[in-house]
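Participant: Sharing structure_9.csv (CSV, C-alpha atoms) below.
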```csv
chain,number,residue,atom,x,y,z
A,1,MET,CA,-11.0,-63.7,-24.0
A,2,THR,CA,-7.9,-61.7,-23.3
A,3,ALA,CA,-5.2,-64.4,-23.0
A,4,ARG,CA,-2.0,-63.4,-21.2
A,5,PRO,CA,0.8,-62.9,-23.7
A,6,ASN,CA,3.1,-65.9,-23.9
A,7,TYR,CA,6.8,-65.6,-23.3
A,8,PHE,CA,7.5,-65.2,-27.0
A,9,GLU,CA,4.9,-62.4,-27.4
A,10,LEU,CA,6.4,-60.6,-24.5
A,11,PHE,CA,9.5,-60.1,-26.7
A,12,GLY,CA,7.5,-59.4,-29.8
A,13,LEU,CA,8.4,-62.8,-31.2
A,14,ALA,CA,6.3,-65.8,-32.5
A,15,PRO,CA,6.8,-69.3,-31.1
A,16,ASN,CA,8.1,-70.6,-34.4
A,17,ASP,CA,10.6,-67.9,-34.9
A,18,GLY,CA,14.1,-69.2,-34.3
A,19,ILE,CA,15.8,-67.6,-31.3
A,20,ASP,CA,18.8,-65.5,-32.0
A,21,LEU,CA,20.4,-65.0,-28.6
A,22,LEU,CA,21.9,-61.6,-29.3
A,23,ASP,CA,18.6,-60.3,-30.7
A,24,LEU,CA,16.8,-61.8,-27.7
A,25,GLU,CA,19.1,-60.0,-25.3
A,26,ALA,CA,18.6,-56.7,-27.1
A,27,ARG,CA,14.8,-57.1,-26.8
A,28,TYR,CA,15.1,-58.1,-23.2
A,29,ARG,CA,17.2,-55.0,-22.4
A,30,GLU,CA,14.9,-52.7,-24.2
A,31,ARG,CA,11.8,-54.1,-22.5
A,32,SER,CA,13.3,-54.2,-19.0
A,33,ARG,CA,14.3,-50.5,-19.3
A,34,ILE,CA,10.6,-49.6,-19.8
A,35,CYS,CA,9.4,-51.4,-16.7
A,36,HIS,CA,12.5,-51.0,-14.6
A,37,PRO,CA,11.6,-50.2,-10.9
A,38,ASP,CA,14.0,-47.2,-10.9
A,39,ARG,CA,12.0,-45.5,-13.6
A,40,HIS,CA,8.9,-45.7,-11.5
A,41,ALA,CA,10.2,-45.1,-8.0
A,42,ARG,CA,8.0,-42.0,-7.6
A,43,ALA,CA,4.9,-43.5,-9.2
A,44,ASP,CA,1.9,-44.5,-7.1
A,45,GLU,CA,1.9,-47.9,-5.5
A,46,ALA,CA,-0.4,-49.6,-8.0
A,47,THR,CA,1.9,-48.6,-10.9
A,48,ARG,CA,5.0,-49.7,-8.9
A,49,VAL,CA,3.4,-53.1,-8.2
A,50,LYS,CA,2.4,-53.5,-11.8
A,51,ASN,CA,5.9,-52.7,-13.0
A,52,ALA,CA,7.5,-55.0,-10.5
A,53,LEU,CA,5.3,-57.9,-11.7
A,54,ALA,CA,6.1,-57.1,-15.3
A,55,THR,CA,9.8,-57.1,-14.5
A,56,SER,CA,9.7,-60.4,-12.8
A,57,GLU,CA,7.7,-62.0,-15.6
A,58,LEU,CA,10.1,-60.6,-18.2
A,59,ASN,CA,13.0,-62.0,-16.3
A,60,GLN,CA,11.3,-65.4,-16.1
A,61,ALA,CA,10.5,-65.3,-19.8
A,62,TYR,CA,14.1,-64.4,-20.7
A,63,ARG,CA,15.5,-67.3,-18.6
A,64,VAL,CA,13.2,-69.7,-20.3
A,65,LEU,CA,13.7,-68.5,-23.9
A,66,ARG,CA,17.5,-68.3,-23.8
A,67,ASP,CA,17.9,-71.9,-22.5
A,68,PRO,CA,17.3,-74.4,-25.4
A,69,ILE,CA,16.0,-77.1,-23.0
A,70,ARG,CA,13.6,-74.9,-21.1
A,71,ARG,CA,12.5,-73.2,-24.3
A,72,ALA,CA,11.6,-76.6,-25.8
A,73,GLU,CA,9.7,-77.6,-22.6
A,74,TYR,CA,7.8,-74.4,-22.8
A,75,LEU,CA,7.0,-74.9,-26.5
A,76,LEU,CA,5.6,-78.3,-25.7
A,77,GLN,CA,3.5,-76.8,-23.0
A,78,LEU,CA,2.2,-74.2,-25.4
A,79,GLY,CA,1.5,-76.8,-27.9
A,80,GLY,CA,-0.4,-79.0,-25.3
A,81,VAL,CA,2.1,-81.8,-25.8
A,82,ALA,CA,2.9,-83.7,-22.6
A,83,LEU,CA,6.1,-85.8,-22.0
A,84,PRO,CA,5.4,-89.5,-22.6
A,85,GLU,CA,4.4,-91.3,-19.4
A,86,LYS,CA,6.7,-94.2,-20.1
A,87,ALA,CA,10.4,-94.0,-21.0
A,88,PRO,CA,11.5,-96.1,-24.0
A,89,PRO,CA,12.8,-99.5,-22.8
A,90,ALA,CA,16.1,-99.2,-24.7
A,91,LEU,CA,16.8,-95.9,-22.9
A,92,LEU,CA,15.9,-97.4,-19.5
A,93,MET,CA,18.1,-100.4,-20.1
A,94,GLU,CA,21.0,-98.3,-21.1
A,95,MET,CA,20.6,-95.9,-18.2
A,96,MET,CA,20.4,-98.7,-15.8
A,97,GLU,CA,23.6,-100.1,-17.1
A,98,GLN,CA,25.3,-96.8,-17.0
A,99,ARG,CA,24.1,-96.1,-13.5
A,100,GLU,CA,25.3,-99.5,-12.3
A,101,ALA,CA,28.7,-98.9,-13.9
A,102,LEU,CA,28.9,-95.5,-12.2
A,103,SER,CA,28.0,-96.9,-8.8
A,104,GLU,CA,30.6,-99.7,-9.2
A,105,ALA,CA,33.2,-97.1,-10.3
A,106,ARG,CA,32.4,-95.0,-7.3
A,107,ALA,CA,32.6,-97.9,-4.9
A,108,GLU,CA,36.0,-98.8,-6.3
A,109,GLN,CA,37.0,-95.1,-6.4
A,110,ASP,CA,38.0,-95.6,-10.0
A,111,GLU,CA,38.3,-92.0,-10.9
A,112,GLN,CA,39.3,-92.6,-14.5
A,113,ARG,CA,36.3,-94.7,-15.2
A,114,ILE,CA,34.0,-92.1,-13.6
A,115,CYS,CA,35.6,-89.5,-15.9
A,116,VAL,CA,35.0,-91.7,-19.0
A,117,LEU,CA,31.3,-92.4,-18.0
A,118,GLY,CA,30.7,-88.7,-17.4
A,119,ALA,CA,32.3,-87.7,-20.7
A,120,GLU,CA,30.2,-90.2,-22.6
A,121,ILE,CA,26.9,-88.9,-21.1
A,122,ARG,CA,28.0,-85.3,-21.6
A,123,GLY,CA,28.5,-86.1,-25.3
A,124,ARG,CA,25.0,-87.7,-25.5
A,125,ARG,CA,23.5,-84.7,-23.7
A,126,ALA,CA,25.1,-82.4,-26.2
A,127,SER,CA,23.8,-84.3,-29.2
A,128,ALA,CA,20.3,-84.5,-27.7
A,129,VAL,CA,20.4,-80.7,-27.2
A,130,ALA,CA,21.6,-80.2,-30.7
A,131,ALA,CA,18.7,-82.3,-32.1
A,132,ILE,CA,16.1,-80.2,-30.4
A,133,ALA,CA,16.3,-77.0,-32.5
A,134,PRO,CA,15.9,-78.7,-35.9
A,135,ALA,CA,13.0,-80.8,-34.5
A,136,LEU,CA,11.4,-77.6,-33.3
A,137,ASP,CA,11.9,-76.0,-36.7
A,138,ARG,CA,10.1,-78.9,-38.3
A,139,GLY,CA,7.3,-78.6,-35.8
A,140,GLU,CA,8.0,-82.2,-34.6
A,141,LEU,CA,6.9,-81.8,-31.0
A,142,SER,CA,6.8,-85.5,-30.2
A,143,ALA,CA,10.4,-85.9,-31.3
A,144,VAL,CA,11.2,-82.9,-29.1
A,145,ALA,CA,9.5,-84.6,-26.2
A,146,GLU,CA,11.6,-87.8,-26.7
A,147,LYS,CA,14.8,-85.7,-26.6
A,148,LEU,CA,13.6,-84.0,-23.4
A,149,VAL,CA,13.0,-87.4,-21.8
A,150,GLU,CA,16.6,-88.4,-22.7
A,151,LEU,CA,17.8,-85.2,-21.3
A,152,ARG,CA,16.1,-85.8,-18.0
A,153,TYR,CA,17.9,-89.1,-17.7
A,154,TYR,CA,21.3,-87.7,-18.7
A,155,GLY,CA,20.7,-84.8,-16.3
A,156,ARG,CA,20.2,-87.2,-13.4
A,157,PHE,CA,23.2,-89.1,-14.3
A,158,LEU,CA,25.4,-86.0,-14.6
A,159,GLU,CA,24.1,-84.7,-11.2
A,160,GLU,CA,25.8,-87.6,-9.7
A,161,ILE,CA,29.0,-87.1,-11.6
A,162,GLU,CA,29.0,-83.4,-10.7
A,163,ALA,CA,28.4,-84.2,-7.0
A,164,TYR,CA,31.4,-86.5,-7.2
A,165,GLU,CA,33.6,-84.0,-9.0
A,166,GLU,CA,32.7,-81.3,-6.4
A,167,ALA,CA,33.5,-83.7,-3.5
A,168,MET,CA,36.9,-84.4,-5.2
A,169,GLU,CA,37.7,-80.8,-5.7
A,170,SER,CA,37.0,-79.9,-2.1
A,171,THR,CA,39.3,-82.6,-0.7
B,1,MET,CA,8.9,-81.7,2.1
B,2,ALA,CA,9.7,-84.1,4.9
B,3,TYR,CA,10.0,-87.8,4.3
B,4,SER,CA,8.2,-90.2,6.6
B,5,GLU,CA,10.2,-92.3,9.0
B,6,LYS,CA,9.4,-95.4,7.0
B,7,VAL,CA,10.7,-93.9,3.8
B,8,ILE,CA,13.9,-92.8,5.6
B,9,ASP,CA,14.3,-96.3,7.1
B,10,HIS,CA,14.0,-98.0,3.7
B,11,TYR,CA,16.2,-95.3,2.0
B,12,GLU,CA,19.0,-95.8,4.6
B,13,ASN,CA,18.7,-99.5,4.9
B,14,PRO,CA,17.2,-100.7,1.7
B,15,ARG,CA,16.1,-104.4,1.7
B,16,ASN,CA,17.0,-106.8,-1.1
B,17,VAL,CA,19.2,-104.5,-3.2
B,18,GLY,CA,20.9,-106.4,-6.0
B,19,SER,CA,20.4,-108.3,-9.1
B,20,LEU,CA,19.3,-111.8,-10.2
B,21,ASP,CA,20.4,-113.4,-13.4
B,22,LYS,CA,18.0,-112.0,-15.9
B,23,ASN,CA,18.7,-114.9,-18.3
B,24,SER,CA,17.7,-117.5,-15.8
B,25,PRO,CA,14.4,-119.2,-16.8
B,26,ASP,CA,12.9,-118.8,-13.3
B,27,VAL,CA,13.7,-115.1,-13.0
B,28,GLY,CA,11.3,-112.3,-14.2
B,29,THR,CA,12.7,-108.8,-14.7
B,30,GLY,CA,10.8,-105.5,-14.7
B,31,LEU,CA,12.5,-102.4,-15.8
B,32,VAL,CA,10.5,-99.1,-15.6
B,33,GLY,CA,11.1,-95.4,-15.3
B,34,ALA,CA,9.3,-92.2,-14.9
B,35,PRO,CA,10.4,-89.7,-17.6
B,36,ALA,CA,9.2,-86.7,-15.6
B,37,CYS,CA,11.8,-87.5,-12.9
B,38,GLY,CA,14.5,-89.3,-14.9
B,39,ASP,CA,14.5,-92.3,-12.5
B,40,VAL,CA,14.9,-95.9,-13.4
B,41,MET,CA,13.8,-99.0,-11.4
B,42,LYS,CA,14.7,-102.6,-11.9
B,43,LEU,CA,12.8,-105.3,-10.0
B,44,GLN,CA,13.5,-109.0,-10.3
B,45,LEU,CA,11.6,-112.0,-9.0
B,46,ARG,CA,12.7,-115.6,-8.7
B,47,VAL,CA,9.7,-117.8,-9.0
B,48,ASN,CA,9.4,-121.6,-8.2
B,49,ASP,CA,7.4,-124.1,-10.2
B,50,GLU,CA,4.4,-123.6,-7.9
B,51,GLY,CA,4.3,-119.9,-8.9
B,52,VAL,CA,5.6,-118.7,-5.5
B,53,ILE,CA,8.1,-115.9,-5.3
B,54,GLN,CA,11.2,-117.1,-3.6
B,55,GLU,CA,13.4,-114.1,-4.0
B,56,ALA,CA,13.0,-110.5,-4.9
B,57,LYS,CA,15.7,-108.0,-5.7
B,58,PHE,CA,15.7,-104.4,-6.9
B,59,LYS,CA,18.0,-101.6,-8.0
B,60,THR,CA,16.6,-98.1,-8.2
B,61,PHE,CA,18.3,-94.9,-9.2
B,62,GLY,CA,15.9,-92.2,-8.2
B,63,CYS,CA,14.6,-90.3,-5.2
B,64,GLY,CA,14.1,-91.5,-1.7
B,65,SER,CA,10.4,-92.4,-2.2
B,66,ALA,CA,11.2,-94.4,-5.3
B,67,ILE,CA,13.9,-96.4,-3.5
B,68,ALA,CA,11.6,-96.9,-0.5
B,69,SER,CA,8.7,-98.0,-2.6
B,70,SER,CA,10.7,-100.6,-4.4
B,71,SER,CA,12.5,-101.8,-1.2
B,72,LEU,CA,9.1,-102.2,0.5
B,73,VAL,CA,7.5,-104.2,-2.4
B,74,THR,CA,10.4,-106.7,-2.5
B,75,GLU,CA,9.8,-107.4,1.2
B,76,TRP,CA,6.1,-107.8,0.6
B,77,VAL,CA,6.1,-110.0,-2.4
B,78,LYS,CA,8.4,-112.6,-1.1
B,79,GLY,CA,6.4,-115.7,-0.3
B,80,MET,CA,3.4,-114.5,-2.4
B,81,THR,CA,2.2,-116.3,-5.5
B,82,ILE,CA,2.7,-114.3,-8.7
B,83,ASP,CA,-1.1,-113.9,-8.9
B,84,GLN,CA,-1.2,-112.4,-5.4
B,85,ALA,CA,1.7,-110.1,-6.2
B,86,ALA,CA,-0.1,-109.0,-9.4
B,87,GLN,CA,-2.9,-107.7,-7.2
B,88,LEU,CA,-0.6,-105.3,-5.3
B,89,ARG,CA,-1.8,-101.8,-5.7
B,90,ASN,CA,0.3,-98.6,-5.4
B,91,THR,CA,-2.2,-97.1,-3.0
B,92,LYS,CA,-1.2,-99.7,-0.4
B,93,ILE,CA,2.5,-98.8,-0.9
B,94,ALA,CA,1.7,-95.1,-0.7
B,95,GLU,CA,-0.3,-95.6,2.5
B,96,GLU,CA,2.3,-97.7,4.2
B,97,LEU,CA,5.0,-95.2,3.4
B,98,ASN,CA,2.9,-92.1,4.0
B,99,LEU,CA,3.8,-90.7,0.6
B,100,PRO,CA,2.7,-87.1,-0.1
B,101,PRO,CA,0.7,-86.5,-3.2
B,102,VAL,CA,3.7,-85.3,-5.3
B,103,LYS,CA,5.4,-88.7,-4.6
B,104,ILE,CA,2.5,-91.0,-5.4
B,105,HIS,CA,4.0,-91.7,-8.8
B,106,CYS,CA,6.9,-93.4,-7.1
B,107,SER,CA,4.5,-96.0,-5.7
B,108,VAL,CA,2.9,-96.3,-9.2
B,109,LEU,CA,6.4,-97.0,-10.5
B,110,ALA,CA,6.9,-99.8,-8.0
B,111,GLU,CA,3.5,-101.4,-8.9
B,112,ASP,CA,4.4,-101.2,-12.6
B,113,ALA,CA,7.8,-102.8,-11.9
B,114,ILE,CA,6.2,-105.8,-10.2
B,115,LYS,CA,3.7,-106.2,-13.0
B,116,ALA,CA,6.5,-105.9,-15.6
B,117,ALA,CA,8.6,-108.5,-13.8
B,118,ILE,CA,5.6,-110.9,-13.6
B,119,ALA,CA,4.8,-110.4,-17.3
B,120,ASP,CA,8.4,-111.1,-18.2
B,121,TYR,CA,8.4,-114.3,-16.1
B,122,LYS,CA,5.1,-115.5,-17.6
B,123,ALA,CA,6.4,-114.8,-21.1
B,124,LYS,CA,9.5,-116.9,-20.4
B,125,ARG,CA,7.4,-119.7,-18.9
B,126,ALA,CA,5.0,-119.6,-21.9
B,127,ALA,CA,7.9,-119.8,-24.3
B,128,ARG,CA,9.3,-122.7,-22.4
B,129,GLU,CA,6.0,-124.6,-22.4
B,130,ALA,CA,5.5,-123.9,-26.1
B,131,ALA,CA,9.0,-125.3,-26.8
B,132,ALA,CA,8.3,-128.4,-24.6
B,133,ALA,CA,5.1,-129.1,-26.4
B,134,GLU,CA,6.7,-129.2,-29.8
```
As structure tokens, what does this structure read like?
Facilitator:
Amino acid sequence: MTARPNYFELFGLAPNDGIDLLDLEARYRERSRICHPDRHARADEATRVKNALATSELNQAYRVLRDPIRRAEYLLQLGGVALPEKAPPALLMEMMEQREALSEARAEQDEQRICVLGAEIRGRRASAVAAIAPALDRGELSAVAEKLVELRYYGRFLEEIEAYEEAMEST
Amino acid sequence: MAYSEKVIDHYENPRNVGSLDKNSPDVGTGLVGAPACGDVMKLQLRVNDEGVIQEAKFKTFGCGSAIASSSLVTEWVKGMTIDQAAQLRNTKIAEELNLPPVKIHCSVLAEDAIKAAIADYKAKRAAREAAAAE
């Protein structure tokens, strides 16, 4: 069986290597030079198509690996670990409370409260992101999955905050 | 992906949005969420001594299909006994709202919410009966 190389292998890395962003960028630049369309402009069509595909796969791999959340999602996928089907009750309860508080604050146009709620969840998002790398290092994929679930909820919450902030800025 | 007219109707004019007192002995609360989407759904039932659902309220923070599914079930279960409501299947919700395959999980969430609310109510009633028997 000839499996397609995974995103790590494309960069000559192993999944459990930590990612150094500068090193990753250097590897990306080096590899994209090789398959860059400009280098193959005069090649036959099959070669050009092959290089275009390689370039787009390399770009996709780079986007995933340099983003800690997407990298963690990808590692779970490689490890065959799915996100849990149910969210933990404590998280749900908390997010319900926070969402209710946010919708009240929005109804009352209480800008300060909205700011505070946003800052709180941004702080939580940061600590969940920070917890991912060490859990990956320890190979604790289920702990990573839990953090990713939290991040989905924080992400949804912050989408609403950001939509509000954008609306405020444009008025 | 286009939402069906029924989804849009429930999304724009959701029925029975709100909360009941979760500490009240005749209220059952179900709180569920789909981690893949990051949505959260709260569904509450007020049940009388005959086991008939008098009132149903929901709050859902999620996509249009999740809101429509929960809005629809609060309409449906009012007047049902809790045993009838427990029989409600997500396939009926999905059918009524014409949910596309990628949104079926929203109807599953609504079914889970009803079941969770009924379980919560039953647990409260059992605890009350146990206390009364002592």
Participant: Using only C-alpha atoms, I'd like every residue of chain B that has an atom within 6 Å of chain A; please write them out as a ChimeraX atom specification.
Facilitator: /B:33,35,38
Participant: Output C-alpha atoms for every residue in that selection, as a PDB file, keeping the file's coordinate frame.
Facilitator:
```pdb
ATOM      1  CA  GLY B  33      11.100 -95.400 -15.300  1.00  0.00           C
ATOM      2  CA  PRO B  35      10.400 -89.700 -17.600  1.00  0.00           C
ATOM      3  CA  GLY B  38      14.500 -89.300 -14.900  1.00  0.00           C
TER       4      GLY B  38
END
```
Participant: Nearest residue to Glu111 of chain A out of A:Ile34, A:Leu53, A:Ala143, A:Ile161, using all atoms listed in the file?
Facilitator: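 Of all the options, A:Ile161 lies closest to Glu111 of chain A.
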Participant: Using only C-alpha atoms, which protein or nucleic acid residues come within 8 Å of Asn51 of chain A? Drop anything in the same chain fewer than 2 positions from it, and give the result as a PyMOL selection string.
Facilitator: chain A and resi 35-37+40+47-49+53-55
Participant: Got time to write the residues from that selection, C-alpha atoms, as a PDB file, in the coordinates of the input?
Facilitator:
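The file below, out-v2.pdb, is the result:
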```pdb
ATOM      1  CA  CYS A  35       9.400 -51.400 -16.700  1.00  0.00           C
ATOM      2  CA  HIS A  36      12.500 -51.000 -14.600  1.00  0.00           C
ATOM      3  CA  PRO A  37      11.600 -50.200 -10.900  1.00  0.00           C
ATOM      4  CA  HIS A  40       8.900 -45.700 -11.500  1.00  0.00           C
ATOM      5  CA  THR A  47       1.900 -48.600 -10.900  1.00  0.00           C
ATOM      6  CA  ARG A  48       5.000 -49.700  -8.900  1.00  0.00           C
ATOM      7  CA  VAL A  49       3.400 -53.100  -8.200  1.00  0.00           C
ATOM      8  CA  LEU A  53       5.300 -57.900 -11.700  1.00  0.00           C
ATOM      9  CA  ALA A  54       6.100 -57.100 -15.300  1.00  0.00           C
ATOM     10  CA  THR A  55       9.800 -57.100 -14.500  1.00  0.00           C
TER      11      THR A  55
END
```
Participant: Near segment 14-29 of chain B, counting all atoms listed in the file, which residues have an atom at most 10 Å away, once you skip same-chain residues fewer than 4 positions from it, shown as number ranges by chain?
Facilitator: B: 7-10, 42-49, 51, 53-60, 67-75, 113-125, 127-128
Participant: What is the atom CA of Ala130 of chain A to atom CA of Glu166 of chain A distance in Å?
Facilitator: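 Between atom CA of Ala130 of chain A and atom CA of Glu166 of chain A the gap works out to 26.7 Å.
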Participant: As an exercise, work out the distance from atom CA of Glu111 of chain B to atom CA of Val40 of chain B in Å and give it to one decimal place.
Facilitator: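 So the two atoms, atom CA of Glu111 of chain B and atom CA of Val40 of chain B, lie 13.4 Å apart.
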Participant: Take atom CA of Ala145 of chain A and atom CA of Ala34 of chain B and report the distance between them in Å, one decimal.
Facilitator: 13.6 Å
Participant: Taking (4.3, -115.7, -2.2) in the file's own coordinates, collect the residues within 8 Å, counting only C-alpha atoms, and hand them back as a PyMOL selection string.
Facilitator: chain B and resi 51-54+77-82+84-85
Participant: Kindly export the residues of the current selection with C-alpha atoms, as a PDB file, in the frame of the given file.
Facilitator:
```
ATOM      1  CA  GLY B  51       4.300-119.900  -8.900  1.00  0.00           C
ATOM      2  CA  VAL B  52       5.600-118.700  -5.500  1.00  0.00           C
ATOM      3  CA  ILE B  53       8.100-115.900  -5.300  1.00  0.00           C
ATOM      4  CA  GLN B  54      11.200-117.100  -3.600  1.00  0.00           C
ATOM      5  CA  VAL B  77       6.100-110.000  -2.400  1.00  0.00           C
ATOM      6  CA  LYS B  78       8.400-112.600  -1.100  1.00  0.00           C
ATOM      7  CA  GLY B  79       6.400-115.700  -0.300  1.00  0.00           C
ATOM      8  CA  MET B  80       3.400-114.500  -2.400  1.00  0.00           C
ATOM      9  CA  THR B  81       2.200-116.300  -5.500  1.00  0.00           C
ATOM     10  CA  ILE B  82       2.700-114.300  -8.700  1.00  0.00           C
ATOM     11  CA  GLN B  84      -1.200-112.400  -5.400  1.00  0.00           C
ATOM     12  CA  ALA B  85       1.700-110.100  -6.200  1.00  0.00           C
TER      13      ALA B  85
END
```
Participant: Of the candidates A:Leu24, A:Ala90, A:Val64, A:Val116, which one gets nearest to Leu31 of chain B if we count only C-alpha atoms?
Facilitator: A:Ala90
Participant: Please check which residues have atoms at most 12 Å from (10.5, -56.7, -23.1) in the file's coordinates, counting only C-alpha atoms, and write them as a PyMOL selection string.
Facilitator: chain A and resi 5-13+23-36+51+54-62
Participant: Env of Val144 of chain A: 7 Å cut, atoms = only C-alpha atoms, seq-sep filter 4 positions within chain, self excluded. Answer as a list of chain:residue names.
Facilitator: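 Near Val144 of chain A, the qualifying residues are A:Ile132, A:Ala135, A:Leu136, A:Glu140, A:Leu148.
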